Each structure stands twice: as structure tokens, then as C-alpha cells.
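Q: So here's protein00.csv, just CSV, C-alpha atoms:
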```csv
chain,number,residue,atom,x,y,z
A,1,MET,CA,178.1,122.6,90.3
A,2,THR,CA,178.6,126.1,89.0
A,3,ILE,CA,177.0,128.2,86.4
A,4,PRO,CA,178.8,130.9,84.4
A,5,LEU,CA,177.8,134.4,85.3
A,6,SER,CA,176.9,135.2,81.7
A,7,CYS,CA,173.9,132.7,81.9
A,8,TYR,CA,172.3,134.8,84.6
A,9,LEU,CA,173.1,138.0,82.7
A,10,ILE,CA,171.6,136.7,79.5
A,11,LEU,CA,168.4,135.6,81.3
A,12,SER,CA,168.3,139.1,82.8
A,13,GLY,CA,168.8,140.6,79.4
A,14,ILE,CA,166.0,138.5,77.9
A,15,LEU,CA,163.6,139.7,80.7
A,16,PHE,CA,164.7,143.3,80.1
A,17,MET,CA,164.2,143.0,76.3
A,18,CYS,CA,160.7,141.5,76.9
A,19,GLY,CA,159.9,144.5,79.0
A,20,VAL,CA,161.1,146.9,76.4
A,21,LEU,CA,159.1,145.1,73.7
A,22,GLY,CA,156.0,145.1,75.8
A,23,PHE,CA,156.5,148.8,76.4
A,24,LEU,CA,156.6,149.4,72.7
A,25,ILE,CA,153.9,147.2,71.3
A,26,LYS,CA,151.2,147.2,74.0
A,27,ARG,CA,148.4,149.7,73.7
A,28,ASN,CA,146.8,149.2,77.2
A,29,ILE,CA,148.3,151.5,79.7
A,30,ILE,CA,148.2,149.0,82.6
A,31,THR,CA,150.0,146.4,80.5
A,32,ILE,CA,152.6,149.0,79.6
A,33,PHE,CA,153.1,149.6,83.3
A,34,MET,CA,153.5,145.9,83.9
A,35,SER,CA,156.2,145.8,81.2
A,36,ILE,CA,158.1,148.5,83.3
A,37,GLU,CA,157.9,146.2,86.3
A,38,LEU,CA,159.3,143.4,84.1
A,39,MET,CA,162.3,145.5,83.2
A,40,LEU,CA,162.9,146.3,86.9
A,41,ASN,CA,162.9,142.6,87.6
A,42,GLY,CA,165.4,141.9,84.9
A,43,VAL,CA,167.8,144.5,86.4
A,44,ASN,CA,167.3,143.0,89.9
A,45,LEU,CA,168.4,139.6,88.7
A,46,SER,CA,171.6,141.0,87.3
A,47,PHE,CA,172.2,142.9,90.6
A,48,VAL,CA,171.9,139.6,92.6
A,49,ALA,CA,174.0,137.7,90.2
A,50,PHE,CA,176.9,140.2,90.4
A,51,ALA,CA,176.5,140.3,94.2
A,52,ALA,CA,176.9,136.5,94.3
A,53,GLN,CA,179.9,136.7,92.0
A,54,TRP,CA,181.8,139.4,93.9
A,55,HIS,CA,180.7,138.3,97.4
A,56,ALA,CA,179.4,141.8,98.0
A,57,LEU,CA,176.1,142.1,99.9
A,58,SER,CA,175.5,145.7,98.8
A,59,GLY,CA,174.1,144.3,95.6
A,60,GLN,CA,171.3,142.7,97.5
A,61,ILE,CA,170.7,146.0,99.4
A,62,PHE,CA,170.3,147.7,96.1
A,63,VAL,CA,167.7,145.2,95.0
A,64,PHE,CA,165.9,146.0,98.2
A,65,PHE,CA,165.9,149.7,97.4
A,66,VAL,CA,164.8,149.0,93.8
A,67,MET,CA,161.8,147.1,95.1
A,68,VAL,CA,160.9,149.9,97.4
A,69,VAL,CA,161.0,152.5,94.6
A,70,ALA,CA,159.1,150.1,92.4
A,71,ALA,CA,156.4,149.8,95.0
A,72,ALA,CA,156.1,153.6,95.4
A,73,GLU,CA,156.1,154.0,91.6
A,74,ALA,CA,153.3,151.4,91.2
A,75,ALA,CA,151.2,153.2,93.8
A,76,VAL,CA,151.6,156.6,92.2
A,77,GLY,CA,151.3,155.3,88.6
A,78,LEU,CA,148.1,153.3,89.3
A,79,ALA,CA,146.6,156.4,90.9
A,80,ILE,CA,147.5,158.4,87.8
A,81,ILE,CA,145.9,155.7,85.6
A,82,ILE,CA,142.7,155.9,87.7
A,83,ALA,CA,142.6,159.7,87.3
A,84,VAL,CA,143.2,159.4,83.6
A,85,TYR,CA,140.4,156.8,83.2
A,86,ARG,CA,138.0,158.9,85.2
A,87,THR,CA,138.4,161.8,82.8
A,88,ARG,CA,139.0,160.0,79.5
A,89,GLU,CA,137.0,156.8,80.0
A,90,THR,CA,139.6,154.9,78.1
A,91,LEU,CA,142.8,152.9,78.8
A,92,ASN,CA,144.1,153.0,75.2
A,93,VAL,CA,147.3,155.1,75.0
A,94,ASP,CA,146.5,156.1,71.4
A,95,GLN,CA,143.5,158.1,72.6
A,96,VAL,CA,145.4,159.6,75.6
A,97,ASN,CA,147.4,162.2,73.7
A,98,LEU,CA,147.0,165.3,75.9
A,99,LEU,CA,149.1,165.9,79.0
A,100,LYS,CA,146.3,167.8,80.7
A,101,LEU,CA,143.6,165.9,82.5
B,1,MET,CA,171.5,119.8,89.7
B,2,HIS,CA,172.2,123.5,89.9
B,3,LEU,CA,172.1,123.7,86.1
B,4,ILE,CA,168.8,121.8,85.9
B,5,LEU,CA,167.2,124.1,88.5
B,6,PHE,CA,168.5,127.2,86.7
B,7,LEU,CA,167.1,126.1,83.4
B,8,PHE,CA,163.8,125.1,84.9
B,9,PHE,CA,163.2,128.4,86.6
B,10,GLY,CA,164.7,130.4,83.7
B,11,GLY,CA,162.4,128.6,81.3
B,12,ILE,CA,159.4,129.4,83.3
B,13,CYS,CA,160.5,132.9,83.6
B,14,VAL,CA,161.0,133.5,79.9
B,15,ALA,CA,157.7,131.7,79.1
B,16,GLY,CA,155.9,133.9,81.5
B,17,ALA,CA,157.5,137.1,80.0
B,18,VAL,CA,156.6,136.0,76.5
B,19,ASN,CA,153.1,135.1,77.6
B,20,LEU,CA,152.8,138.6,79.0
B,21,LEU,CA,153.5,140.0,75.6
B,22,VAL,CA,151.2,137.6,73.7
B,23,GLN,CA,148.1,137.9,75.9
B,24,ARG,CA,145.5,140.5,75.0
B,25,HIS,CA,143.6,140.8,78.2
B,26,PRO,CA,145.4,142.7,81.0
B,27,ILE,CA,144.4,140.2,83.7
B,28,ASN,CA,146.1,137.4,81.8
B,29,SER,CA,149.2,139.6,81.5
B,30,ALA,CA,149.1,140.3,85.2
B,31,LEU,CA,148.9,136.6,86.1
B,32,SER,CA,151.8,135.7,83.9
B,33,LEU,CA,153.8,138.5,85.5
B,34,VAL,CA,153.1,136.8,88.9
B,35,VAL,CA,154.6,133.6,87.4
B,36,VAL,CA,157.7,135.5,86.2
B,37,MET,CA,158.2,137.0,89.7
B,38,ALA,CA,157.7,133.6,91.5
B,39,SER,CA,160.3,131.9,89.3
B,40,LEU,CA,162.7,134.8,89.8
B,41,ALA,CA,162.4,134.2,93.5
B,42,GLY,CA,163.6,130.6,92.8
B,43,GLU,CA,166.6,132.0,90.9
B,44,TYR,CA,167.4,134.2,93.9
B,45,LEU,CA,167.3,131.2,96.2
B,46,LEU,CA,169.7,129.4,93.8
B,47,LEU,CA,172.1,132.3,94.2
B,48,GLY,CA,171.8,132.2,98.0
B,49,ALA,CA,169.9,135.4,98.4
B,50,GLU,CA,167.2,134.2,100.7
B,51,PHE,CA,166.0,137.5,102.0
B,52,VAL,CA,165.7,138.9,98.5
B,53,ALA,CA,163.7,135.9,97.5
B,54,ALA,CA,161.3,136.3,100.4
B,55,ILE,CA,160.9,140.0,99.7
B,56,GLN,CA,160.3,139.2,96.0
B,57,VAL,CA,157.4,136.9,96.8
B,58,ILE,CA,155.9,139.1,99.5
B,59,VAL,CA,156.3,142.6,98.0
B,60,TYR,CA,156.3,142.0,94.3
B,61,ALA,CA,154.1,139.0,93.8
B,62,GLY,CA,152.0,139.9,96.8
B,63,ALA,CA,151.6,143.6,97.2
B,64,ILE,CA,152.4,145.2,93.9
B,65,MET,CA,150.5,142.6,91.8
B,66,VAL,CA,147.5,142.7,94.0
B,67,LEU,CA,147.5,146.5,93.4
B,68,PHE,CA,147.7,145.9,89.7
B,69,ILE,CA,144.9,143.3,89.6
B,70,PHE,CA,142.8,145.5,91.9
B,71,THR,CA,143.2,148.4,89.4
B,72,ILE,CA,142.4,146.2,86.4
B,73,MET,CA,139.2,145.0,88.1
B,74,LEU,CA,138.3,148.5,89.3
B,75,LEU,CA,138.6,150.0,85.9
B,76,ASN,CA,137.0,147.0,84.3
B,77,ALA,CA,139.7,146.9,81.6
B,78,GLY,CA,138.8,144.8,78.6
B,79,GLU,CA,140.8,143.4,75.8
B,80,GLU,CA,143.0,145.9,73.9
B,81,GLU,CA,142.1,146.5,70.4
B,82,ARG,CA,144.5,146.5,67.5
B,83,SER,CA,145.0,149.9,65.9
B,84,LYS,CA,147.2,151.5,63.3
B,85,GLY,CA,149.6,152.7,65.9
B,86,SER,CA,150.0,149.2,67.4
B,87,ARG,CA,150.7,147.7,64.0
B,88,ILE,CA,153.4,150.3,63.3
B,89,ALA,CA,154.8,149.6,66.8
B,90,ILE,CA,155.0,145.9,66.2
B,91,LEU,CA,156.6,146.3,62.8
B,92,LEU,CA,159.3,148.7,64.1
B,93,GLY,CA,159.6,147.4,67.7
B,94,VAL,CA,160.1,143.7,67.3
B,95,PRO,CA,163.1,143.9,64.9
B,96,SER,CA,164.8,146.7,66.9
B,97,VAL,CA,164.4,144.8,70.2
B,98,ALA,CA,165.6,141.6,68.6
B,99,ILE,CA,168.7,143.4,67.3
B,100,GLY,CA,169.3,144.9,70.8
B,101,GLY,CA,168.9,141.5,72.5
B,102,VAL,CA,171.3,139.8,70.0
B,103,LEU,CA,173.9,142.5,70.6
B,104,VAL,CA,173.6,142.1,74.4
B,105,ALA,CA,173.9,138.3,74.2
B,106,TRP,CA,176.8,138.5,71.8
B,107,THR,CA,178.7,140.9,74.0
B,108,LEU,CA,178.1,138.8,77.0
B,109,LEU,CA,179.2,135.6,75.3
B,110,ARG,CA,182.3,137.2,73.9
B,111,HIS,CA,183.4,138.0,77.4
B,112,SER,CA,182.2,134.8,78.9
B,113,ASN,CA,185.5,134.0,80.6
B,114,THR,CA,184.1,135.4,83.8
B,115,PRO,CA,184.3,133.1,86.8
B,116,SER,CA,181.3,130.9,87.5
B,117,VAL,CA,178.8,131.5,90.3
B,118,PRO,CA,178.6,128.6,92.7
B,119,MET,CA,175.3,127.5,94.3
B,120,PHE,CA,174.4,129.4,97.4
B,121,ALA,CA,177.3,131.7,96.8
B,122,LEU,CA,176.8,134.3,99.5
B,123,PRO,CA,175.1,134.4,102.9
B,124,GLY,CA,171.9,136.3,102.2
B,125,ASP,CA,170.0,135.6,105.3
B,126,PRO,CA,168.1,138.4,107.1
B,127,ARG,CA,170.6,138.8,109.9
B,128,VAL,CA,173.5,139.7,107.6
B,129,ILE,CA,171.3,141.9,105.5
B,130,ALA,CA,169.9,143.7,108.5
B,131,ARG,CA,173.4,144.4,109.8
B,132,PHE,CA,174.3,145.9,106.4
B,133,LEU,CA,171.1,147.9,106.1
B,134,PHE,CA,171.0,149.5,109.5
B,135,ARG,CA,174.7,150.3,109.8
B,136,ASP,CA,176.2,151.0,106.4
B,137,PHE,CA,173.0,152.0,104.5
B,138,LEU,CA,171.1,153.8,107.3
B,139,LEU,CA,170.8,157.1,105.6
B,140,PRO,CA,169.4,155.7,102.3
B,141,PHE,CA,167.0,153.6,104.3
B,142,GLU,CA,165.6,156.7,106.1
B,143,VAL,CA,165.4,158.7,102.8
B,144,THR,CA,163.5,155.8,101.3
B,145,SER,CA,160.9,156.0,104.1
B,146,VAL,CA,160.3,159.6,103.3
B,147,LEU,CA,159.9,158.6,99.6
B,148,ILE,CA,157.3,156.1,100.6
B,149,LEU,CA,155.4,158.7,102.6
B,150,ILE,CA,155.4,161.1,99.7
B,151,ALA,CA,154.3,158.4,97.4
B,152,ILE,CA,151.4,157.4,99.6
B,153,MET,CA,150.2,161.1,99.9
B,154,GLY,CA,150.6,161.5,96.1
B,155,ALA,CA,148.6,158.4,95.4
B,156,VAL,CA,145.8,159.5,97.7
B,157,VAL,CA,145.6,163.0,96.2
B,158,LEU,CA,145.7,161.7,92.6
B,159,ALA,CA,143.2,158.9,93.0
B,160,SER,CA,140.6,160.9,95.1
B,161,LYS,CA,137.6,162.3,93.4
B,162,PRO,CA,138.1,165.7,91.8
B,163,GLU,CA,135.2,167.2,93.8
B,164,SER,CA,136.7,166.4,97.1
B,165,VAL,CA,140.1,167.9,96.1
B,166,ALA,CA,138.9,171.2,94.6
B,167,ARG,CA,137.2,172.9,97.4
B,168,PRO,CA,134.9,175.8,96.6
B,169,SER,CA,137.1,178.8,97.0
B,170,ALA,CA,136.3,182.5,97.5
B,171,ALA,CA,137.6,183.3,94.0
B,172,GLU,CA,135.2,181.0,92.2
B,173,PRO,CA,132.2,183.4,91.9
B,174,ALA,CA,134.5,186.1,90.5
B,175,GLN,CA,135.9,183.6,88.0
B,176,ARG,CA,132.4,182.6,86.9
B,177,GLU,CA,131.4,186.3,86.4
B,178,ALA,CA,134.5,186.8,84.3
B,179,ARG,CA,133.7,183.8,82.2
B,180,GLU,CA,130.2,185.0,81.7
B,181,LEU,CA,131.5,188.5,80.7
B,182,VAL,CA,133.8,186.9,78.2
B,183,ALA,CA,130.9,184.8,76.8
B,184,SER,CA,128.6,187.7,76.5
B,185,GLY,CA,131.4,189.7,74.8
B,186,ARG,CA,131.8,187.0,72.3
B,187,GLU,CA,128.1,187.0,71.5
B,188,ARG,CA,128.2,190.7,70.8
```
Step by step, read the file and then write its structure as C-alpha cells.

A:
Amino acid sequence: MTIPLSCYLILSGILFMCGVLGFLIKRNIITIFMSIELMLNGVNLSFVAFAAQWHALSGQIFVFFVMVVAAAEAAVGLAIIIAVYRTRETLNVDQVNLLKL
Amino acid sequence: MHLILFLFFGGICVAGAVNLLVQRHPINSALSLVVVMASLAGEYLLLGAEFVAAIQVIVYAGAIMVLFIFTIMLLNAGEEERSKGSRIAILLGVPSVAIGGVLVAWTLLRHSNTPSVPMFALPGDPRVIARFLFRDFLLPFEVTSVLILIAIMGAVVLASKPESVARPSAAEPAQREARELVASGRER
């Protein structure tokens, strides 16, 4: 009743690659942000899988910290998106090409 | 049984991730991301990480995704339109990401003589996690609380209306005079 570690790592890699692909091909800024969350989730899965393999709980603690940082990043990022939308009236990243608001 | 559950949750996970890429409307992408996170919580339970699974559902699928959906509805985001840039991105991005994924999978399978992970491999219940978190990782925990505080203040400042942020200062009339002087100078 065991599963090789590489299965978990491949699933984690698939999730990360889906995140990278979404980051590259999506044009909506909110969807791009969601792709970043998907990448973070893939990394979390490999953290937990390695923690289970080496019987080291610190991997799970790191997952906890990654989630906290992701929550902070989501709050600030969505606030930035709202500020950009208020000045540009668009969410398309092709039309947001100036750094200044 | 373990393998069946792993394949079940993993299949749902990958299907949700692909659906996130295929969907055009942001709200559909957000809902498929919720599916991905819920099935990842199942994977964490299979690995014995109960606390992480609970946090995954509460914080990720609960709080963060509610924030996303709230923003989508607040900004009234519609379907994304195809443009020249997106076509170039698809043409270049899909093959390069496929190459990267194949490389990662190939490397992992070449070194696949790693020991297997048994079901419920490690005790991940909240008591053990709390002992670790508040004894060995106390300083990072406190630093994280400062980070959260700064993030909250930053979000409030960024998302508030510009009028309420930029208070009328004493220097403003002088700036306006200078601007008018420059404008009149240009006219001349």
C-alpha cells in the first residue's frame, strides 16, 4: 500500500507547469494571478510529499508559511489590480504597458 | 486502495488545472482553481498531513478564493479577448512548457529508485504541528505576523480611492501656479 515518491513529484510538476503555462498564455490579469496561486500549490504538494518521506515535520511548517505568504500576496496583488482597473478601465495585460498608474 | 485514491484526487487535480487554462471567463477559472485546491487537500490527507489539509481548505479554498471571486465580481471582469500577443504567447509558450514538463518528468523517472511513501506516513495532527511551530519556529512565526500586518496596511492604502489618500497639501496652490506659468510660457 505504498506509492513511489516520484508520483507525487510528477503530479506537483504537472501543477507547476500548468501554472507557468497559464502565466504565459492568459491575458486577463486576474487569471494570471490565479496561475501564480496554482504554482504555489504545486510547490506545497512536493513539500508535503518530501516531509512524509523523510518523516520531517518541518516540511509541513514550511507549507504553512507558504500559505501565509500567499494570502498576504493575494491581498496586496488584488488591491493593485483594483487600483490599475480604476485608472485604466481594463484588465487586459496587453493594454497595461506603463508602470505608472 | 491508496493508489486508487491517489489517482482519483490527482486526476481531479490535473483536470481542474487544465480547465483553468481552457476557460475564457475568469469566474470559471476561479471555480476550477477551487476544485484543484480541494482535491489537493485530499492528497494531503493521504499523506497524513491533516493540519495542512484543513488549512488548505479553510485558507486557500475559503479565504483566498473568496477574495479572488469578490474582486472578479467587483471589477465586473468579462471574457478575455484574443489578441496578437496572446497568439504569440500560445505559439511559444505551449511547446516550451511541454519541453520543460517532459524534462522534469524524465529526470524524476530516471531517479525513481526512491523509497515509497506509505499511507498516513507522518503524524500531522495539530498538536504536533503546534509544538513545532511555537517552539522551533517561533521567530519565523512572529515575523510572519508582522508581514501580514504590513500586507493589510498596503492593501488598504492601495485599494482606497485616490482622493482619500492624496490630501490637499499646502504646496498644492504653488504647484498649480507653477503649472499655469509653464502653460502660459508655452503659449507665448

Q: Could you check the closest approach to chain A for each of B:Ile4, B:Ile27, B:Ile90, B:Val146 and tell me which residue wins, using only C-alpha atoms?

A: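 Ranked by minimum distance to chain A, first place goes to B:Ile90.
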
Q: Please identify all polymer residues within 7 Å of stretch 9-26 of chain A, counting all atoms listed in the file, omitting same-chain residues fewer than 2 positions from it, and present them as JSON, numbers by chain.

A: {"A": [5, 6, 7, 28, 31, 32, 35, 36, 38, 39, 42, 43, 45, 46], "B": [10, 14, 17, 18, 21, 86, 89, 90, 93, 94, 97, 101, 105]}

Q: Could you state the separation of atom CA of A:Phe33 and atom CA of B:Ala30 in Å, given to one decimal place?

A: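 Atom CA of A:Phe33 sits 10.3 Å away from atom CA of B:Ala30.
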
Q: What is the atom CA of A:Ala83-atom CA of B:Lys161 distance in Å, reported with one decimal?

A: 8.3 Å

Q: Expressed in Å to a single decimal, how great is the separation between atom CA of B:Gly62 and atom CA of A:Ile3?

A: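 Between these atoms lies a distance of 29.5 Å.
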
Q: Using all atoms listed in the file, which of A:Leu40, A:His55, A:Pro4, A:Glu89 sits nearest A:Ala71?

A: A:Leu40
